[in-house]
Amino acid sequence: MSQTVVRMEGIDKQFSGVQALKSCRFELRAGEVHALVGENGAGKSTMMKILTGVYQKDQGTIEYEGAEVQVPDTRAAQKLGICMIHQEMNLAPDLTVAQNIFIGKEPRKTFGLLLDDKAMNKQASILLKQMNLDIDPTTPVSKLTVAKQQMVEIVKAISYDSRVLIMDEPTAALSETEIEELFRMIRQLRQKGVGIVYISHRMAELKVITDRVTVMRDGSYIDTMPTADITVDRIISLMVGREIYQPAKPDRQSAERSETVLEVRGLTRKNVLKDVNFTLRKGEILGVAGLVGAGRTETARAIFGADPIDSGDIFVHGNKVRINGPHEAVKHGIGYLTEDRKHFGCLLDMDVKTNVALATLGKFRNRAGWMNDRRMAKVSNDVVGELKVKTPSIRQNVRYLSGGNQQKVIIGKWLTRDCDILIFDEPTRGIDIGAKSEIYKLLESLAASGKSIIMISSELPEILRLSHRIIVMCEGRITGELPNDEYATQQRIMTYATDRIG
Amino acid sequence: GKNNDNGGNASPSAASPSKAAESPAAGKMYIPIVSKGFQHQFWQAVKIGAEKAAAELNVEITFEGPETEAQVDKQLEMLQVALDKKPTAIGFAALDSQASIPLLKKAQDAKIPVIAFDSGVDSDIPLSTVTTNNANAAGIAADKMAQLIGGKGEVAILAHDQTSRTGIDRRDGFKNRIEEKYPDIKIVDIQYGADHLKATDLAKAIMQAHPNLKGIFGTNEGAAIGVINAVSELKMEGKITVIGYDSGKAQIDAIKSGLMAGAVSQNPIGIGYETVKAAVAAAKGESVEPIIDSGFVWYDKTNIDNDEVKAVLYE
Amino acid sequence: MKQATVPTAGTDAAQKPSIAFKSGLQQLLAFGSLILLVIIFSVASSNFFHFSNIVGILLSTAVIGVLALGSTFVIITGGIDLSVGTVMTLSAVMTGVFITMWGVPIPIGIIGGMLTGALCGFLSGFTISRMGIPPFIATLAMMMIAKGLSLVISDSKPIYFTEYEAFIKISLGSFLGDLIPGFDIPNAVVVFFLAAIVGSLILSKTIIGRYNFAIGSNEEATRLSGVNVRNWKIVIYTITGLFTGLAGVLMASRLNSAQPALGSGYELEAIAAVVIGGTSLSGGKGTIVGTVIGALIMSVLTNGLRILSVKPEWQTVVVGFVILLAVFADIIRRRKA
Amino acid sequence: MKQATVPTAGTDAAQKPSIAFKSGLQQLLAFGSLILLVIIFSVASSNFFHFSNIVGILLSTAVIGVLALGSTFVIITGGIDLSVGTVMTLSAVMTGVFITMWGVPIPIGIIGGMLTGALCGFLSGFTISRMGIPPFIATLAMMMIAKGLSLVISDSKPIYFTEYEAFIKISLGSFLGDLIPGFDIPNAVVVFFLAAIVGSLILSKTIIGRYNFAIGSNEEATRLSGVNVRNWKIVIYTITGLFTGLAGVLMASRLNSAQPALGSGYELEAIAAVVIGGTSLSGGKGTIVGTVIGALIMSVLTNGLRILSVKPEWQTVVVGFVILLAVFADIIRRRKA
Ligand SMILES: Nc1ncnc2c1ncn2[C@@H]1O[C@H](COP(=O)(O)OP(=O)(O)OP(=O)(O)O)[C@@H](O)[C@H]1O
Ligand SMILES: Nc1ncnc2c1ncn2[C@@H]1O[C@H](COP(=O)(O)OP(=O)(O)OP(=O)(O)O)[C@@H](O)[C@H]1O
Ligand SMILES: [Mg+2]
Ligand SMILES: [Mg+2]
């Protein structure tokens, strides 16, 4: 058994009244991939941020290679050889790939006065090559796809020659092929004796890549065990402390003969969308699969009017419509739940009530034009009750809700608006398994009640589990459409998803 | 340093005027001077004169004014505060001849004598107005300009301000005199330069735009210095006749060195002195002249060392 | 067991009353600073706490206060309006043009002046939301344009309202004094407080206010919720313009004249008042009450320093420090919260 | 096969040359506007395109240009410095105090003046990064404090350098003219261009510049990368202050005096120059070349309008419109890109 590099014991952390960690512990060995799992808000990120000096612990000890250490800031962590890839994107978009990789440790020349960009770019391209990445180190990061940005973050972390590498939900923005690539990198690092902490909500990955699992719940340590000795179901029940609803495959026949509510013809946007055609029926869940960067989000945004299109027609209930902005899309009964919840989904610093009412504020006016707060409160209380949003009250700021509950609030916003067509973009990204299953339930009941849903997801099991019909995109085109029958498999979808021209 | 103490432990000094108001014999008289500005040399010179009179007559004064001559409202607030300090009398240089009338009426009701200075108010409330006629003084500048450039040619005005009373009077005084008396002289450009640096670049642009320019009149210290700087930066010494206004070290030096032909100066020290003197007299119930002309001088190389000129100039 | 599935419910509930309390405290803090200043100056000078001086302070708050009220709206959207100073002047000038040159009835002239401000606000809003120009730049340009136009239109001369007694009454008359003898609060002060009430109602009771906060909190999320953000931003800048126009009318009436060169630099005073009042420059947070208190702090400070005969150059320094302190105190409070 | 694992490699590679081209175009656009202005004015007035007038334009760019250079740094961090105008004045005053009152040698006096600016920048940076005060407010306070102190220190009187011939040479001498007869470019212009080169080197070749962009681009990410963002921000504000101090020295030397009441409003001109030069107020993007061109556009415009004897009030209006247009053109270009 290899030696222990990090041992955290009795860690307490309090955030202005919130006890995020309660005498929590964690142990990492060299050359292992150690999964850290738990529901949203269990304290995984906080625990690791304490290890990397982003936050300071209130109580407890950190041992590194047998000796107790203090980690006052991220720099100190780097010096120890501990490095973290954060949950949120952590690159400077205006800097180049190489500049981002070497930030804080730029090669210098001329007595350390000037930057040696040539050396930096060279070293960066060596690092990128080592990781089998074909990225020009002088490209600005803003020009890269999300997946590549994620890869750059990993390369950046590796470049510190870390003994300990923490990955906080590295696959949240990746799809299958990129995940494969990431796993290859992880295995390579494990070989070199690097200890890796792997935080993820995707249970399937744990079996594939991790050696041990530590489960956290509600800021407390629950258990640590070898991955090989435990089932995913057991992990889940440790995490949530209760049973999870496992949805069956939907009743695929139900939507077959119903009317078409949305039709998209020849949707084209320079460089991102090429001649996208599809239809959506009443009461149907249409799954949209594809690799990251396939153009699924772009399609959704184009339909919703969030981005301008170059050509193409959209028909709602058989009528051709022109959508010049989201405010016009909602008039046609289209709602869109963005993939980036924190940045584009909700008003983090405003309360649940306002967030629920945001798309329908105009309806909450009395004759004098005054806002009717009481009615607003009633409606959002109804939403909170109906969707089982876990919040102490509708006056709570959305910032303090867990990811899953934030997502429910956003769904509630669109339900209040009473949209016929709902586009869900990665509805379960970064959401724990418990919340996930509740959202699945919700989607199914919405479809059953006659709403039409487009569900974009990078998780194929999710697509297969929920959709009535599946379309697959690649490089801005629709490369395949298939009913979700027994022939719809992950392999077939992947074939379409990698169906590149030439 | 001294005035600073004034502000620092202000409570005794602020208390004394109110006492003074109640029983003038008991303490010093307190006379706030609300000026048009405090940052510029001209107003600093007025302040010096006022302080001189205050020392001689053993009264206490404060001197303040807004940052720019556009801030009519701020000046009114200062006047309001001055009234609330229950002064024995007030010296006031109105930025606008009408805007202050309601407040001056208040002063009248409170039986606080008001002495206007620099420019008048459209009202008979001020018991006396200590002033010079800016327009006349600028007219003299025009006469001198005409004389120096030989009665014909192009001249320009670089005024310090487009909207303030002093700016307008000096500009128009010069312009009208030229138009009335010197048909062969053409005013080809009037521009406005707010500070020394801007005035310098402005004067240069004027000179570039009008290669045949023979003279420039700068209507205050900043504008005049701008013109001098421009002339020396463009190496046009001797080719452009520069006439200034006000005094100050730079203008005096320029006149001595021949860069500047001459300048008109009001007597700011005298204005300050006379204002306080009249205020004290008025407070004591003595009669004061309705108009006290503090006078102005034309000064150039020939007379700059004369005593009566020296008395008016300030560095 | 519930505890386990709803991890933060308990703690959140515990937070709630303290949040309400803190929001009270926020007002209290700015209000406390104001009271503190008043006490300090009252002790330091017997001339400070007099009816006529307090009225003087209120009167001198009125114009800048109304400007600050207007600025509060754009600042809550996360924007800024640098043009309020000169647009105020332009509105005053236009009021003068309407009343004294065109001879329109005074009330219509006043509305005309306010609409001038609104039009400028509309144009700023348009350049910002339709042309995508950052607010700082768009309103900087508007500042210059309004400054120039004021001079052009007035021919660089003040426009006097001497023949229009009623117009002057708007600021300096006192209908309160007519009602209650001795209670001579000038109308300008009453107008300021009325404007504050209207502003407060707009901000808290109307859809404009809701969108105002939503845009400031997260503009893109608001847009993606189907809100026509571009149009609402124009509306909000127009409201700021309307308040600015009102400030112009008050200024003209108070000075009995439209002074075409006045106003540069007032935008910074207005912004300072807003920020001292606890509104965040990054948007999404702010109150009208805070702005009123912020504006009062600024004018109490200026007045007090003048009453104490502090030299004008030191006054500037002191005001600088007080702005720093006030904002720092606010930050400390929030950090503790 | 490689193609498959790195899906968009093709597009990325294809984009690269166009990025380089675009960044060229950006400079070209601002540069194009400058040339266009020069051509328009040359055609409109025969007096415009003269050696002495061009030198005059360059000289009038020097002070505001150096201010704009300094402002570029803080603006790239996503901050702002409203104090550069009055800090410039304070630096000029302190230079005067050092040289004329304390009698230190001129070079040391100059360094002292520059360090005054740096100290003010340091203090602004400190209040911003340590006390958490937003840049707008922190530098607004610094603006007032510096304004007051300039007057206090100089006792509201100009400080003359008449007895220090050598000092005046710093701006108005021409060592280029001494080398090449007839090529009388004043030293101030040379200093401006040297400062631009130094600024450009700092921004593109040193770690300060790298962190400058990194902070402006994503401050939190930079902090989490182990960069001591708080300290670097202080460094960057100090650099801005150093440039501001240099501007103060240049101004004092050019005016042969330190004028204590000057400088308010210069900050907005400097910011306008920076933004016209293509630097984004939201941070992360910007170049020194752009700022130089932006400053030149501003002074060519001012000079040209004056040469054409456009009425001053209309000049303001035109400048306002040009700022709008320049920024709008930049936005259009980026949108297309
Ligand atoms: N900066 C902060 N201020 C206040 N509370 C915080 C802060 N950061 C985290 N928390 C709280 O601490 C708790 C743990 O959060 P943490 O981010 O560690 O959860 P997590 O396990 O990483 O969840 P997720 O799976 O959603 O990323 C949560 O209740 C969260 O609201
Ligand atoms: N800012 C941008 N600049 C240039 N190209 C971009 C930009 N954003 C996206 N793209 C390109 O648009 C295409 C589609 O991206 P999109 O985000 O729609 O993908 P997606 O399938 O929704 O993936 P994701 O799972 O990340 O949502 C990709 O080729 C991507 O490179
Ligand atoms: Mg987390
Ligand atoms: Mg997407």
# chains A, B, ... in the order shown; residues from 1 in each chain; ligands from 1
>>> residues_around(residues="Thr299 of chain A", least_positions_apart="2", cutoff="9 Å", atoms="only C-alpha atoms", output="PDB file with N, CA and C atoms, in the first residue's frame")
ATOM      1  N   LEU A 267     -32.247  26.134 -40.017  1.00  0.00           N
ATOM      2  CA  LEU A 267     -31.623  27.090 -39.099  1.00  0.00           C
ATOM      3  C   LEU A 267     -30.114  27.133 -39.333  1.00  0.00           C
ATOM      4  N   THR A 268     -29.601  28.310 -39.640  1.00  0.00           N
ATOM      5  CA  THR A 268     -28.182  28.430 -39.965  1.00  0.00           C
ATOM      6  C   THR A 268     -27.603  29.651 -39.279  1.00  0.00           C
ATOM      7  N   VAL A 272     -21.484  28.103 -36.647  1.00  0.00           N
ATOM      8  CA  VAL A 272     -21.932  27.276 -35.529  1.00  0.00           C
ATOM      9  C   VAL A 272     -23.115  26.379 -35.874  1.00  0.00           C
ATOM     10  N   LEU A 273     -24.009  26.838 -36.733  1.00  0.00           N
ATOM     11  CA  LEU A 273     -25.167  26.017 -37.074  1.00  0.00           C
ATOM     12  C   LEU A 273     -25.288  25.899 -38.583  1.00  0.00           C
ATOM     13  N   VAL A 276     -30.151  23.293 -39.639  1.00  0.00           N
ATOM     14  CA  VAL A 276     -30.729  22.438 -38.599  1.00  0.00           C
ATOM     15  C   VAL A 276     -32.235  22.321 -38.814  1.00  0.00           C
ATOM     16  N   GLY A 295     -23.073  22.200 -30.959  1.00  0.00           N
ATOM     17  CA  GLY A 295     -23.990  23.235 -31.415  1.00  0.00           C
ATOM     18  C   GLY A 295     -25.373  23.110 -30.829  1.00  0.00           C
ATOM     19  N   ARG A 296     -25.505  22.326 -29.771  1.00  0.00           N
ATOM     20  CA  ARG A 296     -26.824  22.141 -29.173  1.00  0.00           C
ATOM     21  C   ARG A 296     -27.284  23.410 -28.463  1.00  0.00           C
ATOM     22  N   THR A 297     -26.380  23.978 -27.669  1.00  0.00           N
ATOM     23  CA  THR A 297     -26.736  25.214 -26.988  1.00  0.00           C
ATOM     24  C   THR A 297     -27.031  26.317 -27.993  1.00  0.00           C
ATOM     25  N   ARG A 301     -30.378  28.518 -28.245  1.00  0.00           N
ATOM     26  CA  ARG A 301     -30.343  29.979 -28.149  1.00  0.00           C
ATOM     27  C   ARG A 301     -30.905  30.626 -29.404  1.00  0.00           C
ATOM     28  N   ALA A 302     -30.655  29.984 -30.550  1.00  0.00           N
ATOM     29  CA  ALA A 302     -31.177  30.540 -31.790  1.00  0.00           C
ATOM     30  C   ALA A 302     -32.704  30.485 -31.795  1.00  0.00           C
ATOM     31  N   ILE A 303     -33.261  29.356 -31.363  1.00  0.00           N
ATOM     32  CA  ILE A 303     -34.720  29.246 -31.329  1.00  0.00           C
ATOM     33  C   ILE A 303     -35.306  30.265 -30.355  1.00  0.00           C
ATOM     34  N   PHE A 304     -34.610  30.449 -29.257  1.00  0.00           N
ATOM     35  CA  PHE A 304     -35.101  31.332 -28.189  1.00  0.00           C
ATOM     36  C   PHE A 304     -34.870  32.811 -28.516  1.00  0.00           C
ATOM     37  N   GLY A 476     -22.491  21.400 -35.544  1.00  0.00           N
ATOM     38  CA  GLY A 476     -23.520  22.327 -35.996  1.00  0.00           C
ATOM     39  C   GLY A 476     -24.573  21.725 -36.903  1.00  0.00           C
TER      40      GLY A 476
END
>>> residues_near_ligand(ligand="ligand 4", cutoff="10 Å", atoms="only C-alpha atoms and all ligand atoms", output="list of chain:residue names")
A:Val146, A:Ala173, A:Gly290, A:Leu291, A:Val292, A:Gly293, A:Ala294, A:Gly295, A:Arg296, A:Thr297, A:Glu298, A:Thr299, A:Ala300, A:Arg301, A:Thr338, A:Glu339, A:Asp340, A:Asp425, A:Glu426, A:Ile456, A:Ser457, A:Ser458
>>> write_last_selection(atoms="N, CA, C and O atoms", output="PDB file, in the first residue's frame")
ATOM      1  N   VAL A 146     -15.490  25.021 -24.479  1.00  0.00           N
ATOM      2  CA  VAL A 146     -15.494  24.747 -23.044  1.00  0.00           C
ATOM      3  C   VAL A 146     -14.644  23.522 -22.722  1.00  0.00           C
ATOM      4  O   VAL A 146     -13.864  23.506 -21.769  1.00  0.00           O
ATOM      5  N   ALA A 173     -18.611  19.672 -17.652  1.00  0.00           N
ATOM      6  CA  ALA A 173     -18.759  20.325 -18.950  1.00  0.00           C
ATOM      7  C   ALA A 173     -18.270  19.443 -20.094  1.00  0.00           C
ATOM      8  O   ALA A 173     -18.150  19.902 -21.218  1.00  0.00           O
ATOM      9  N   GLY A 290     -25.013  14.867 -28.236  1.00  0.00           N
ATOM     10  CA  GLY A 290     -23.881  15.342 -29.033  1.00  0.00           C
ATOM     11  C   GLY A 290     -22.716  15.601 -28.117  1.00  0.00           C
ATOM     12  O   GLY A 290     -22.859  15.618 -26.891  1.00  0.00           O
ATOM     13  N   LEU A 291     -21.566  15.774 -28.725  1.00  0.00           N
ATOM     14  CA  LEU A 291     -20.391  16.097 -27.935  1.00  0.00           C
ATOM     15  C   LEU A 291     -20.449  17.569 -27.545  1.00  0.00           C
ATOM     16  O   LEU A 291     -21.200  18.341 -28.135  1.00  0.00           O
ATOM     17  N   VAL A 292     -19.630  17.929 -26.590  1.00  0.00           N
ATOM     18  CA  VAL A 292     -19.562  19.342 -26.233  1.00  0.00           C
ATOM     19  C   VAL A 292     -19.112  20.134 -27.460  1.00  0.00           C
ATOM     20  O   VAL A 292     -18.206  19.725 -28.167  1.00  0.00           O
ATOM     21  N   GLY A 293     -19.767  21.236 -27.708  1.00  0.00           N
ATOM     22  CA  GLY A 293     -19.413  22.052 -28.864  1.00  0.00           C
ATOM     23  C   GLY A 293     -20.106  21.606 -30.129  1.00  0.00           C
ATOM     24  O   GLY A 293     -19.814  22.114 -31.205  1.00  0.00           O
ATOM     25  N   ALA A 294     -21.061  20.691 -30.009  1.00  0.00           N
ATOM     26  CA  ALA A 294     -21.738  20.206 -31.209  1.00  0.00           C
ATOM     27  C   ALA A 294     -22.732  21.224 -31.746  1.00  0.00           C
ATOM     28  O   ALA A 294     -23.212  21.101 -32.863  1.00  0.00           O
ATOM     29  N   GLY A 295     -23.073  22.200 -30.959  1.00  0.00           N
ATOM     30  CA  GLY A 295     -23.990  23.235 -31.415  1.00  0.00           C
ATOM     31  C   GLY A 295     -25.373  23.110 -30.829  1.00  0.00           C
ATOM     32  O   GLY A 295     -26.312  23.747 -31.282  1.00  0.00           O
ATOM     33  N   ARG A 296     -25.505  22.326 -29.771  1.00  0.00           N
ATOM     34  CA  ARG A 296     -26.824  22.141 -29.173  1.00  0.00           C
ATOM     35  C   ARG A 296     -27.284  23.410 -28.463  1.00  0.00           C
ATOM     36  O   ARG A 296     -28.416  23.860 -28.646  1.00  0.00           O
ATOM     37  N   THR A 297     -26.380  23.978 -27.669  1.00  0.00           N
ATOM     38  CA  THR A 297     -26.736  25.214 -26.988  1.00  0.00           C
ATOM     39  C   THR A 297     -27.031  26.317 -27.993  1.00  0.00           C
ATOM     40  O   THR A 297     -27.980  27.088 -27.841  1.00  0.00           O
ATOM     41  N   GLU A 298     -26.228  26.353 -29.037  1.00  0.00           N
ATOM     42  CA  GLU A 298     -26.434  27.373 -30.072  1.00  0.00           C
ATOM     43  C   GLU A 298     -27.811  27.214 -30.713  1.00  0.00           C
ATOM     44  O   GLU A 298     -28.480  28.202 -31.007  1.00  0.00           O
ATOM     45  N   THR A 299     -28.218  25.971 -30.946  1.00  0.00           N
ATOM     46  CA  THR A 299     -29.542  25.734 -31.519  1.00  0.00           C
ATOM     47  C   THR A 299     -30.623  26.280 -30.598  1.00  0.00           C
ATOM     48  O   THR A 299     -31.522  27.001 -31.030  1.00  0.00           O
ATOM     49  N   ALA A 300     -30.486  25.938 -29.308  1.00  0.00           N
ATOM     50  CA  ALA A 300     -31.492  26.383 -28.348  1.00  0.00           C
ATOM     51  C   ALA A 300     -31.546  27.896 -28.298  1.00  0.00           C
ATOM     52  O   ALA A 300     -32.615  28.511 -28.331  1.00  0.00           O
ATOM     53  N   ARG A 301     -30.378  28.518 -28.245  1.00  0.00           N
ATOM     54  CA  ARG A 301     -30.343  29.979 -28.149  1.00  0.00           C
ATOM     55  C   ARG A 301     -30.905  30.626 -29.404  1.00  0.00           C
ATOM     56  O   ARG A 301     -31.540  31.680 -29.345  1.00  0.00           O
ATOM     57  N   THR A 338     -31.115  27.747 -19.181  1.00  0.00           N
ATOM     58  CA  THR A 338     -29.742  27.759 -19.692  1.00  0.00           C
ATOM     59  C   THR A 338     -28.886  26.703 -19.020  1.00  0.00           C
ATOM     60  O   THR A 338     -29.190  26.222 -17.936  1.00  0.00           O
ATOM     61  N   GLU A 339     -27.784  26.388 -19.701  1.00  0.00           N
ATOM     62  CA  GLU A 339     -26.881  25.394 -19.129  1.00  0.00           C
ATOM     63  C   GLU A 339     -26.054  26.023 -18.007  1.00  0.00           C
ATOM     64  O   GLU A 339     -25.585  25.335 -17.119  1.00  0.00           O
ATOM     65  N   ASP A 340     -25.852  27.335 -18.061  1.00  0.00           N
ATOM     66  CA  ASP A 340     -25.040  27.997 -17.047  1.00  0.00           C
ATOM     67  C   ASP A 340     -25.971  28.665 -16.040  1.00  0.00           C
ATOM     68  O   ASP A 340     -26.304  29.835 -16.157  1.00  0.00           O
ATOM     69  N   ASP A 425     -31.466  22.949 -21.114  1.00  0.00           N
ATOM     70  CA  ASP A 425     -30.082  22.760 -21.541  1.00  0.00           C
ATOM     71  C   ASP A 425     -29.292  22.230 -20.354  1.00  0.00           C
ATOM     72  O   ASP A 425     -29.097  22.946 -19.372  1.00  0.00           O
ATOM     73  N   GLU A 426     -28.870  21.007 -20.445  1.00  0.00           N
ATOM     74  CA  GLU A 426     -28.134  20.341 -19.361  1.00  0.00           C
ATOM     75  C   GLU A 426     -28.846  20.546 -18.020  1.00  0.00           C
ATOM     76  O   GLU A 426     -28.291  21.124 -17.091  1.00  0.00           O
ATOM     77  N   ILE A 456     -31.516  18.974 -23.777  1.00  0.00           N
ATOM     78  CA  ILE A 456     -30.131  18.846 -24.228  1.00  0.00           C
ATOM     79  C   ILE A 456     -29.341  18.239 -23.084  1.00  0.00           C
ATOM     80  O   ILE A 456     -29.431  18.720 -21.954  1.00  0.00           O
ATOM     81  N   SER A 457     -28.595  17.192 -23.373  1.00  0.00           N
ATOM     82  CA  SER A 457     -27.802  16.618 -22.302  1.00  0.00           C
ATOM     83  C   SER A 457     -26.559  15.951 -22.864  1.00  0.00           C
ATOM     84  O   SER A 457     -26.562  15.427 -23.966  1.00  0.00           O
ATOM     85  N   SER A 458     -25.494  16.007 -22.098  1.00  0.00           N
ATOM     86  CA  SER A 458     -24.269  15.323 -22.494  1.00  0.00           C
ATOM     87  C   SER A 458     -24.181  13.945 -21.845  1.00  0.00           C
ATOM     88  O   SER A 458     -23.256  13.210 -22.082  1.00  0.00           O
TER      89      SER A 458
END
>>> residues_near_ligand(ligand="ligand 1", cutoff="10 Å", atoms="only C-alpha atoms and all ligand atoms", output="VMD selection string")
(chain A and resid 13 to 21 36 to 50 54 to 55 86 to 88 168 to 169 199 to 201 216 to 219 399 to 404 429 to 433) or (chain C and resid 7 to 9 11 to 12)
>>> interface_residues(of="chain D", to="chain B", cutoff="6 Å", atoms="only C-alpha atoms", output="ChimeraX atom specification")
/D:47,156,261,307
>>> select_by_dssp(residues="segment 157-293 of chain C", states="helix (DSSP H, G or I)", output="PyMOL selection string")
chain C and resi 165-172+175-179+187-205+207-217+219-223+229-255+266-276+288-293
>>> interface_residues(of="chain A", to="chain C", cutoff="9 Å", atoms="only C-alpha atoms", output="JSON, numbers by chain")
{"A": [16, 17, 18, 19, 41, 42, 217, 218, 219, 240, 241, 242, 304, 306, 325, 326, 327, 328, 329, 330, 331, 335, 336, 337, 338, 341, 342, 343, 344, 345, 346, 347, 348, 349, 350, 354, 355, 358, 359, 360, 361, 362, 364, 365, 369, 370, 371, 372, 373, 390, 391, 392, 393, 395, 396, 400, 401, 402, 413, 414]}
>>> residues_around(residues="Leu115 of chain C", least_positions_apart="3", cutoff="7 Å", atoms="only C-alpha atoms", output="short mmCIF file (atom, residue, chain, number, x, y, z; two decimals) with N, CA and C atoms, in the first residue's frame")
data_model
loop_
_atom_site.label_atom_id
_atom_site.label_comp_id
_atom_site.auth_asym_id
_atom_site.auth_seq_id
_atom_site.Cartn_x
_atom_site.Cartn_y
_atom_site.Cartn_z
N ILE C 111 -42.76 71.43 -17.39
CA ILE C 111 -42.84 70.08 -17.97
C ILE C 111 -41.86 69.98 -19.13
N GLY C 112 -41.79 71.06 -19.91
CA GLY C 112 -40.84 71.06 -21.03
C GLY C 112 -39.41 70.86 -20.54
N ALA C 118 -35.52 64.22 -19.74
CA ALA C 118 -35.93 62.87 -20.09
C ALA C 118 -35.42 62.50 -21.48
N LEU C 119 -35.48 63.47 -22.39
CA LEU C 119 -35.01 63.19 -23.75
C LEU C 119 -33.52 62.86 -23.74
N LEU C 242 -35.50 62.30 -16.36
CA LEU C 242 -36.65 63.06 -15.87
C LEU C 242 -36.33 63.72 -14.53
N GLY C 245 -34.04 66.51 -15.13
CA GLY C 245 -34.78 67.67 -15.62
C GLY C 245 -35.44 68.42 -14.47
#
>>> interface_residues(of="chain D", to="chain C", cutoff="7 Å", atoms="only C-alpha atoms", output="ChimeraX atom specification")
/D:131,133,138,141-142,144-145,148-149,151-152,313-314,316-317,320-321,323-324,327-328
>>> residues_around(residues="Gln150 of chain A", least_positions_apart="3", cutoff="8 Å", atoms="only C-alpha atoms", output="ChimeraX atom specification")
/A:89,146-147,153-154,170,173
>>> select_by_dssp(residues="segment 132-270 of chain D", states="strand (DSSP E)", output="list of chain:residue names")
D:Ile159, D:Tyr160, D:Ser257, D:Ala258
